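Okay, input-v3.cif now, which holds mmCIF, N, CA and C atoms and all ligand atoms:
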```cif
data_target
loop_
_atom_site.label_atom_id
_atom_site.label_comp_id
_atom_site.auth_asym_id
_atom_site.auth_seq_id
_atom_site.Cartn_x
_atom_site.Cartn_y
_atom_site.Cartn_z
N MET A 1 102.84 107.12 98.43
CA MET A 1 102.96 105.73 97.95
C MET A 1 103.05 105.74 96.43
N LYS A 2 104.08 105.08 95.91
CA LYS A 2 104.24 105.00 94.46
C LYS A 2 103.60 103.72 93.94
N ILE A 3 102.76 103.87 92.94
CA ILE A 3 101.94 102.77 92.43
C ILE A 3 102.23 102.54 90.96
N ALA A 4 102.21 101.27 90.55
CA ALA A 4 102.25 100.90 89.13
C ALA A 4 101.03 100.03 88.84
N ILE A 5 100.63 100.02 87.58
CA ILE A 5 99.52 99.16 87.14
C ILE A 5 100.01 98.35 85.95
N LEU A 6 99.73 97.06 85.98
CA LEU A 6 100.14 96.17 84.89
C LEU A 6 98.89 95.51 84.30
N ASN A 7 98.76 95.61 83.00
CA ASN A 7 97.56 95.09 82.33
C ASN A 7 97.91 94.12 81.19
N CYS A 8 96.85 93.57 80.60
CA CYS A 8 96.96 92.53 79.56
C CYS A 8 96.94 93.14 78.16
N LEU A 9 97.91 92.78 77.36
CA LEU A 9 97.97 93.33 75.99
C LEU A 9 96.75 92.91 75.17
N ALA A 10 96.21 91.74 75.45
CA ALA A 10 95.07 91.26 74.68
C ALA A 10 93.84 92.14 74.86
N ALA A 11 93.81 92.92 75.94
CA ALA A 11 92.68 93.82 76.18
C ALA A 11 92.88 95.16 75.48
N ASN A 12 94.05 95.32 74.85
CA ASN A 12 94.43 96.62 74.32
C ASN A 12 93.51 97.13 73.21
N ASP A 13 92.90 96.21 72.46
CA ASP A 13 92.05 96.61 71.34
C ASP A 13 90.89 97.49 71.79
N VAL A 14 90.41 97.22 73.01
CA VAL A 14 89.21 97.92 73.46
C VAL A 14 89.43 98.75 74.72
N CYS A 15 90.64 98.68 75.27
CA CYS A 15 90.87 99.29 76.59
C CYS A 15 91.62 100.62 76.47
N ALA A 16 91.04 101.65 77.07
CA ALA A 16 91.73 102.95 77.14
C ALA A 16 92.35 103.15 78.52
N GLY A 17 92.23 102.15 79.36
CA GLY A 17 92.77 102.28 80.72
C GLY A 17 91.89 103.13 81.62
N ALA A 18 90.73 103.51 81.10
CA ALA A 18 89.89 104.48 81.82
C ALA A 18 89.37 103.94 83.15
N ALA A 19 88.95 102.68 83.17
CA ALA A 19 88.38 102.14 84.41
C ALA A 19 89.45 102.03 85.50
N CYS A 20 90.66 101.60 85.12
CA CYS A 20 91.76 101.56 86.09
C CYS A 20 92.07 102.96 86.61
N LEU A 21 92.15 103.91 85.69
CA LEU A 21 92.50 105.28 86.09
C LEU A 21 91.39 105.91 86.93
N HIS A 22 90.15 105.61 86.59
CA HIS A 22 89.04 106.14 87.39
C HIS A 22 89.13 105.61 88.82
N ALA A 23 89.37 104.30 88.94
CA ALA A 23 89.47 103.72 90.28
C ALA A 23 90.65 104.33 91.04
N PHE A 24 91.76 104.53 90.35
CA PHE A 24 92.94 105.13 90.99
C PHE A 24 92.61 106.57 91.44
N ASN A 25 92.06 107.34 90.52
CA ASN A 25 91.82 108.76 90.82
C ASN A 25 90.75 108.97 91.87
N SER A 26 89.79 108.07 91.93
CA SER A 26 88.69 108.22 92.88
C SER A 26 88.91 107.42 94.15
N ARG A 27 90.07 106.74 94.25
CA ARG A 27 90.37 105.90 95.42
C ARG A 27 89.24 104.91 95.68
N SER A 28 88.79 104.28 94.63
CA SER A 28 87.72 103.31 94.80
C SER A 28 88.24 101.91 94.47
N ARG A 29 87.37 100.95 94.69
CA ARG A 29 87.67 99.54 94.45
C ARG A 29 89.01 99.15 95.11
N HIS A 30 89.95 98.64 94.32
CA HIS A 30 91.19 98.15 94.94
C HIS A 30 92.14 99.26 95.39
N PHE A 31 91.79 100.51 95.10
CA PHE A 31 92.61 101.63 95.56
C PHE A 31 92.03 102.28 96.81
N ALA A 32 90.88 101.79 97.26
CA ALA A 32 90.24 102.36 98.45
C ALA A 32 91.10 102.13 99.69
N GLN A 33 91.90 101.08 99.66
CA GLN A 33 92.72 100.72 100.82
C GLN A 33 93.73 101.80 101.20
N TYR A 34 94.01 102.74 100.30
CA TYR A 34 95.03 103.75 100.60
C TYR A 34 94.47 104.96 101.33
N GLY A 35 93.14 105.02 101.44
CA GLY A 35 92.54 106.14 102.17
C GLY A 35 92.95 107.48 101.58
N THR A 36 93.47 108.35 102.44
CA THR A 36 93.85 109.70 101.97
C THR A 36 95.36 109.82 101.75
N GLU A 37 96.04 108.69 101.83
CA GLU A 37 97.50 108.71 101.63
C GLU A 37 97.83 109.25 100.23
N PRO A 38 98.81 110.13 100.11
CA PRO A 38 99.18 110.62 98.78
C PRO A 38 99.66 109.47 97.90
N LEU A 39 99.15 109.43 96.67
CA LEU A 39 99.52 108.37 95.72
C LEU A 39 100.13 109.00 94.47
N GLU A 40 101.08 108.28 93.91
CA GLU A 40 101.66 108.70 92.63
C GLU A 40 101.67 107.49 91.69
N LEU A 41 101.03 107.64 90.55
CA LEU A 41 101.05 106.57 89.56
C LEU A 41 102.32 106.72 88.73
N VAL A 42 103.29 105.81 88.94
CA VAL A 42 104.60 105.99 88.32
C VAL A 42 104.76 105.18 87.03
N ALA A 43 103.89 104.20 86.81
CA ALA A 43 103.97 103.41 85.57
C ALA A 43 102.63 102.73 85.34
N MET A 44 102.26 102.63 84.06
CA MET A 44 101.05 101.89 83.70
C MET A 44 101.37 101.21 82.38
N GLY A 45 101.58 99.90 82.42
CA GLY A 45 102.02 99.21 81.22
C GLY A 45 101.28 97.92 81.00
N ARG A 46 101.59 97.31 79.86
CA ARG A 46 100.98 96.04 79.49
C ARG A 46 102.09 95.03 79.23
N CYS A 47 101.70 93.77 79.29
CA CYS A 47 102.65 92.72 78.90
C CYS A 47 102.92 92.85 77.39
N ASN A 48 103.73 91.98 76.87
CA ASN A 48 104.03 92.02 75.43
C ASN A 48 103.27 90.96 74.65
N GLY A 49 102.26 90.37 75.27
CA GLY A 49 101.42 89.39 74.58
C GLY A 49 101.79 87.97 74.95
N CYS A 50 100.83 87.07 74.70
CA CYS A 50 101.00 85.66 75.10
C CYS A 50 102.19 85.01 74.40
N ALA A 51 102.36 85.31 73.12
CA ALA A 51 103.43 84.66 72.36
C ALA A 51 104.81 85.12 72.83
N ALA A 52 104.89 86.36 73.23
CA ALA A 52 106.19 86.91 73.64
C ALA A 52 106.59 86.42 75.03
N GLY A 53 105.61 86.25 75.90
CA GLY A 53 105.94 85.86 77.28
C GLY A 53 106.76 86.95 77.94
N ILE A 54 107.65 86.52 78.85
CA ILE A 54 108.52 87.52 79.48
C ILE A 54 109.78 87.62 78.63
N ASP A 55 109.65 88.39 77.58
CA ASP A 55 110.79 88.59 76.68
C ASP A 55 111.65 89.76 77.21
N GLU A 56 112.65 90.09 76.44
CA GLU A 56 113.58 91.14 76.89
C GLU A 56 112.87 92.46 77.14
N GLY A 57 111.94 92.78 76.24
CA GLY A 57 111.23 94.05 76.37
C GLY A 57 110.33 94.09 77.59
N PHE A 58 109.64 92.99 77.84
CA PHE A 58 108.75 92.96 79.01
C PHE A 58 109.58 93.05 80.28
N ARG A 59 110.72 92.35 80.30
CA ARG A 59 111.62 92.41 81.46
C ARG A 59 112.07 93.86 81.67
N GLU A 60 112.32 94.56 80.57
CA GLU A 60 112.74 95.96 80.67
C GLU A 60 111.63 96.80 81.32
N LYS A 61 110.37 96.52 80.93
CA LYS A 61 109.26 97.26 81.53
C LYS A 61 109.17 96.98 83.03
N LEU A 62 109.34 95.70 83.39
CA LEU A 62 109.26 95.33 84.81
C LEU A 62 110.39 96.00 85.59
N ASP A 63 111.58 96.01 84.99
CA ASP A 63 112.72 96.66 85.65
C ASP A 63 112.46 98.16 85.81
N ARG A 64 111.80 98.74 84.81
CA ARG A 64 111.49 100.18 84.89
C ARG A 64 110.52 100.48 86.03
N ILE A 65 109.56 99.59 86.21
CA ILE A 65 108.63 99.73 87.34
C ILE A 65 109.41 99.78 88.65
N VAL A 66 110.40 98.90 88.77
CA VAL A 66 111.23 98.87 89.98
C VAL A 66 112.05 100.15 90.09
N GLU A 67 112.67 100.53 88.98
CA GLU A 67 113.53 101.72 88.98
C GLU A 67 112.76 102.99 89.31
N GLU A 68 111.49 103.01 88.93
CA GLU A 68 110.66 104.19 89.23
C GLU A 68 110.24 104.23 90.69
N GLY A 69 110.62 103.21 91.42
CA GLY A 69 110.35 103.21 92.85
C GLY A 69 108.95 102.76 93.23
N ALA A 70 108.28 102.06 92.32
CA ALA A 70 106.93 101.57 92.66
C ALA A 70 107.01 100.68 93.90
N GLU A 71 106.17 100.99 94.85
CA GLU A 71 106.11 100.17 96.07
C GLU A 71 105.06 99.08 95.94
N VAL A 72 104.05 99.37 95.13
CA VAL A 72 102.97 98.42 94.90
C VAL A 72 102.66 98.37 93.41
N CYS A 73 102.43 97.17 92.88
CA CYS A 73 101.97 97.02 91.50
C CYS A 73 100.60 96.34 91.52
N HIS A 74 99.62 97.04 90.98
CA HIS A 74 98.27 96.47 90.86
C HIS A 74 98.16 95.74 89.52
N LEU A 75 97.58 94.56 89.56
CA LEU A 75 97.34 93.80 88.33
C LEU A 75 95.90 94.03 87.90
N GLY A 76 95.72 94.43 86.66
CA GLY A 76 94.38 94.71 86.16
C GLY A 76 93.52 93.44 86.12
N VAL A 77 92.22 93.64 86.17
CA VAL A 77 91.31 92.49 86.12
C VAL A 77 91.44 91.75 84.79
N CYS A 78 91.92 92.44 83.77
CA CYS A 78 92.10 91.82 82.44
C CYS A 78 93.21 90.77 82.45
N THR A 79 94.01 90.72 83.51
CA THR A 79 95.08 89.72 83.57
C THR A 79 94.58 88.38 84.07
N ARG A 80 93.27 88.30 84.33
CA ARG A 80 92.66 87.02 84.69
C ARG A 80 91.92 86.49 83.47
N LYS A 81 92.03 85.19 83.24
CA LYS A 81 91.38 84.59 82.07
C LYS A 81 89.87 84.64 82.23
N ARG A 82 89.20 85.06 81.17
CA ARG A 82 87.74 85.21 81.24
C ARG A 82 87.04 83.90 81.56
N GLU A 83 87.51 82.83 80.91
CA GLU A 83 86.81 81.55 81.03
C GLU A 83 86.89 80.98 82.45
N THR A 84 88.05 81.09 83.06
CA THR A 84 88.25 80.41 84.36
C THR A 84 88.46 81.38 85.53
N ASN A 85 88.68 82.63 85.23
CA ASN A 85 89.02 83.65 86.23
C ASN A 85 90.37 83.38 86.90
N GLU A 86 91.16 82.49 86.28
CA GLU A 86 92.51 82.26 86.81
C GLU A 86 93.46 83.32 86.26
N GLU A 87 94.48 83.59 87.04
CA GLU A 87 95.47 84.57 86.59
C GLU A 87 96.31 84.00 85.46
N CYS A 88 96.61 84.82 84.48
CA CYS A 88 97.49 84.42 83.38
C CYS A 88 98.87 84.03 83.93
N GLU A 89 99.39 82.90 83.46
CA GLU A 89 100.66 82.39 84.00
C GLU A 89 101.81 83.39 83.79
N ILE A 90 101.76 84.08 82.68
CA ILE A 90 102.85 85.02 82.38
C ILE A 90 102.80 86.20 83.36
N ILE A 91 101.59 86.61 83.67
CA ILE A 91 101.44 87.70 84.65
C ILE A 91 101.87 87.22 86.04
N THR A 92 101.56 85.97 86.35
CA THR A 92 102.01 85.43 87.65
C THR A 92 103.53 85.46 87.73
N ALA A 93 104.18 85.05 86.63
CA ALA A 93 105.65 85.07 86.60
C ALA A 93 106.17 86.50 86.73
N ALA A 94 105.50 87.43 86.07
CA ALA A 94 105.91 88.84 86.15
C ALA A 94 105.72 89.35 87.58
N ALA A 95 104.60 88.97 88.20
CA ALA A 95 104.33 89.40 89.58
C ALA A 95 105.38 88.83 90.52
N ASN A 96 105.75 87.57 90.29
CA ASN A 96 106.79 86.95 91.13
C ASN A 96 108.12 87.67 90.97
N TYR A 97 108.42 88.06 89.75
CA TYR A 97 109.67 88.79 89.50
C TYR A 97 109.66 90.13 90.24
N LEU A 98 108.54 90.85 90.12
CA LEU A 98 108.44 92.14 90.82
C LEU A 98 108.51 91.92 92.32
N GLY A 99 107.84 90.88 92.79
CA GLY A 99 107.86 90.58 94.23
C GLY A 99 109.27 90.32 94.73
N SER A 100 110.05 89.61 93.90
CA SER A 100 111.44 89.31 94.30
C SER A 100 112.30 90.56 94.34
N ARG A 101 111.82 91.62 93.70
CA ARG A 101 112.56 92.89 93.70
C ARG A 101 111.95 93.89 94.69
N GLY A 102 111.07 93.39 95.53
CA GLY A 102 110.56 94.22 96.63
C GLY A 102 109.29 94.98 96.35
N VAL A 103 108.65 94.68 95.22
CA VAL A 103 107.38 95.37 94.90
C VAL A 103 106.22 94.51 95.39
N LYS A 104 105.36 95.11 96.19
CA LYS A 104 104.18 94.38 96.67
C LYS A 104 103.17 94.26 95.52
N ILE A 105 102.54 93.12 95.41
CA ILE A 105 101.56 92.89 94.35
C ILE A 105 100.15 92.93 94.93
N VAL A 106 99.29 93.71 94.30
CA VAL A 106 97.86 93.72 94.64
C VAL A 106 97.11 93.25 93.41
N ARG A 107 96.28 92.24 93.58
CA ARG A 107 95.53 91.71 92.44
C ARG A 107 94.20 92.42 92.32
N GLY A 108 94.13 93.32 91.35
CA GLY A 108 92.91 94.04 91.10
C GLY A 108 93.13 95.54 91.00
N THR A 109 92.29 96.16 90.20
CA THR A 109 92.31 97.63 90.06
C THR A 109 90.88 98.13 90.25
N HIS A 110 90.02 97.84 89.28
CA HIS A 110 88.62 98.28 89.38
C HIS A 110 87.68 97.11 89.52
S1 LIG B 201 100.33 87.06 78.32
FE1 LIG B 201 98.55 87.08 79.68
S2 LIG B 201 98.29 89.20 80.26
FE2 LIG B 201 99.57 89.13 78.40
S3 LIG B 201 98.19 89.24 76.61
FE3 LIG B 201 98.45 87.10 77.06
S4 LIG B 201 96.73 86.65 78.44
FE4 LIG B 201 96.96 88.83 78.45
#
```

The structure in this file should be written as structure tokens.
Ligand code: SF4
Amino acid sequence: MKIAILNCLAANDVCAGAACLHAFNSRSRHFAQYGTEPLELVAMGRCNGCAAGIDEGFREKLDRIVEEGAEVCHLGVCTRKRETNEECEIITAAANYLGSRGVKIVRGTH
């Protein structure tokens, strides 16, 4: 199973991606559902920020996720707003775009 992870640029100042990668490597939390199935992490990227929205570069990243054959894209917990726990609208739009190209969306990593 080919997997991609999409995260929030605003978390970049403090995030090394370690918690997502730990969950992926240990098949825990939102990756536990795969059991012993072989997994390949084919992309791990961030949006281009709130001001940019889905700009040309972000679209290119999303297209690359598709081109790399990702079957599932996990959305990091950082893509939910801290105050309300609602998903960021830009990430929702990105998820819808990936979904329209055949990539299953799973909300959550660790
Ligand atoms: S657009 Fe959404 S996911 Fe991207 S930095 Fe802003 S809040 Fe985070």

- Task: Identify all residues of chain A in alpha helix (DSSP H) (DSSP on the backbone) and supply them as a count of residues only.
- Result: 33

- Message: What residues of the protein or nucleic acid chains come within 7 Å of ligand LIG 201 (chain B) when you use only N, CA and C atoms and all ligand atoms? Reply as a VMD selection string.
- Response: chain A and resid 7 to 11 46 to 53 78 to 81 87 to 91

- Would you mind telling me which residue in A:Gly35, A:Glu60, A:Leu75, A:Ala70 lies nearest to His110 of chain A when using only N, CA and C atoms?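 Going through A:Gly35, A:Glu60, A:Leu75, A:Ala70 one by one, the smallest distance to His110 of chain A is for A:Leu75.
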
- Hey, which of A:Asp55, A:Phe31, A:Leu6, A:Ser26 ends up closest to Cys73 of chain A? Count all atoms listed in the file.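 For Cys73 of chain A, the nearest of the given residues is A:Leu6.
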
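Nearest residue to Val72 of chain A among A:Gly57, A:Pro38, A:Gly102, A:Gly17 is A:Gly102, counting all atoms listed in the file.
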
Residue neighbourhood segment 40-45 of chain A, 5 Å, only N, CA and C atoms, exclusion window fewer than 5 positions, as a JSON list (two decimals) with N, CA and C atoms, in the coordinates of the input:
```json
[["chain", "number", "residue", "atom", "x", "y", "z"],
["A", 1, "MET", "N", 102.84, 107.12, 98.43],
["A", 1, "MET", "CA", 102.96, 105.73, 97.95],
["A", 1, "MET", "C", 103.05, 105.74, 96.43],
["A", 2, "LYS", "N", 104.08, 105.08, 95.91],
["A", 2, "LYS", "CA", 104.24, 105.00, 94.46],
["A", 2, "LYS", "C", 103.60, 103.72, 93.94],
["A", 3, "ILE", "N", 102.76, 103.87, 92.94],
["A", 3, "ILE", "CA", 101.94, 102.77, 92.43],
["A", 3, "ILE", "C", 102.23, 102.54, 90.96],
["A", 4, "ALA", "N", 102.21, 101.27, 90.55],
["A", 4, "ALA", "CA", 102.25, 100.90, 89.13],
["A", 4, "ALA", "C", 101.03, 100.03, 88.84],
["A", 5, "ILE", "N", 100.63, 100.02, 87.58],
["A", 5, "ILE", "CA", 99.52, 99.16, 87.14],
["A", 5, "ILE", "C", 100.01, 98.35, 85.95],
["A", 6, "LEU", "N", 99.73, 97.06, 85.98],
["A", 6, "LEU", "CA", 100.14, 96.17, 84.89],
["A", 6, "LEU", "C", 98.89, 95.51, 84.30],
["A", 7, "ASN", "N", 98.76, 95.61, 83.00],
["A", 7, "ASN", "CA", 97.56, 95.09, 82.33],
["A", 7, "ASN", "C", 97.91, 94.12, 81.19]]
```

Using only C-alpha atoms, give me every residue within 8 Å of (106.4, 94.8, 87.7) in file coordinates, as a short mmCIF file (atom, residue, chain, number, x, y, z; two decimals) with N, CA and C atoms, keeping the file's coordinate frame.
```
data_model
loop_
_atom_site.label_atom_id
_atom_site.label_comp_id
_atom_site.auth_asym_id
_atom_site.auth_seq_id
_atom_site.Cartn_x
_atom_site.Cartn_y
_atom_site.Cartn_z
N ALA A 4 102.21 101.27 90.55
CA ALA A 4 102.25 100.90 89.13
C ALA A 4 101.03 100.03 88.84
N LEU A 6 99.73 97.06 85.98
CA LEU A 6 100.14 96.17 84.89
C LEU A 6 98.89 95.51 84.30
N LYS A 61 110.37 96.52 80.93
CA LYS A 61 109.26 97.26 81.53
C LYS A 61 109.17 96.98 83.03
N LEU A 62 109.34 95.70 83.39
CA LEU A 62 109.26 95.33 84.81
C LEU A 62 110.39 96.00 85.59
N ASP A 63 111.58 96.01 84.99
CA ASP A 63 112.72 96.66 85.65
C ASP A 63 112.46 98.16 85.81
N ARG A 64 111.80 98.74 84.81
CA ARG A 64 111.49 100.18 84.89
C ARG A 64 110.52 100.48 86.03
N ILE A 65 109.56 99.59 86.21
CA ILE A 65 108.63 99.73 87.34
C ILE A 65 109.41 99.78 88.65
N VAL A 66 110.40 98.90 88.77
CA VAL A 66 111.23 98.87 89.98
C VAL A 66 112.05 100.15 90.09
N CYS A 73 102.43 97.17 92.88
CA CYS A 73 101.97 97.02 91.50
C CYS A 73 100.60 96.34 91.52
N ALA A 94 105.50 87.43 86.07
CA ALA A 94 105.91 88.84 86.15
C ALA A 94 105.72 89.35 87.58
N ALA A 95 104.60 88.97 88.20
CA ALA A 95 104.33 89.40 89.58
C ALA A 95 105.38 88.83 90.52
N TYR A 97 108.42 88.06 89.75
CA TYR A 97 109.67 88.79 89.50
C TYR A 97 109.66 90.13 90.24
N LEU A 98 108.54 90.85 90.12
CA LEU A 98 108.44 92.14 90.82
C LEU A 98 108.51 91.92 92.32
N GLY A 99 107.84 90.88 92.79
CA GLY A 99 107.86 90.58 94.23
C GLY A 99 109.27 90.32 94.73
N VAL A 103 108.65 94.68 95.22
CA VAL A 103 107.38 95.37 94.90
C VAL A 103 106.22 94.51 95.39
#
```

- What is the distance between atom CA of Asn85 of chain A and atom CA of His30 of chain A, in Å to one decimal?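 Between atom CA of Asn85 of chain A and atom CA of His30 of chain A the gap works out to 17.1 Å.
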
- Counting only N, CA and C atoms, which of A:Lys104, A:Glu56, A:Thr92, A:Gly76 gets nearest to Cys20 of chain A?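 Smallest distance to Cys20 of chain A is found for A:Gly76.
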
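Going from atom CA of Arg82 of chain A over to atom C of Ala23 of chain A, you cover 21.7 Å.
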
- Item | Nearest-residue call for Val77 of chain A, choices A:Asn12, A:Asn25, A:Thr36, A:Thr109, using only N, CA and C atoms |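 Of all the options, A:Thr109 lies closest to Val77 of chain A.
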
- Would you work out the distance separating atom C of Leu39 of chain A from atom CA of Arg59 of chain A, expressed in Å to one decimal?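 So the answer is 24.0 Å.
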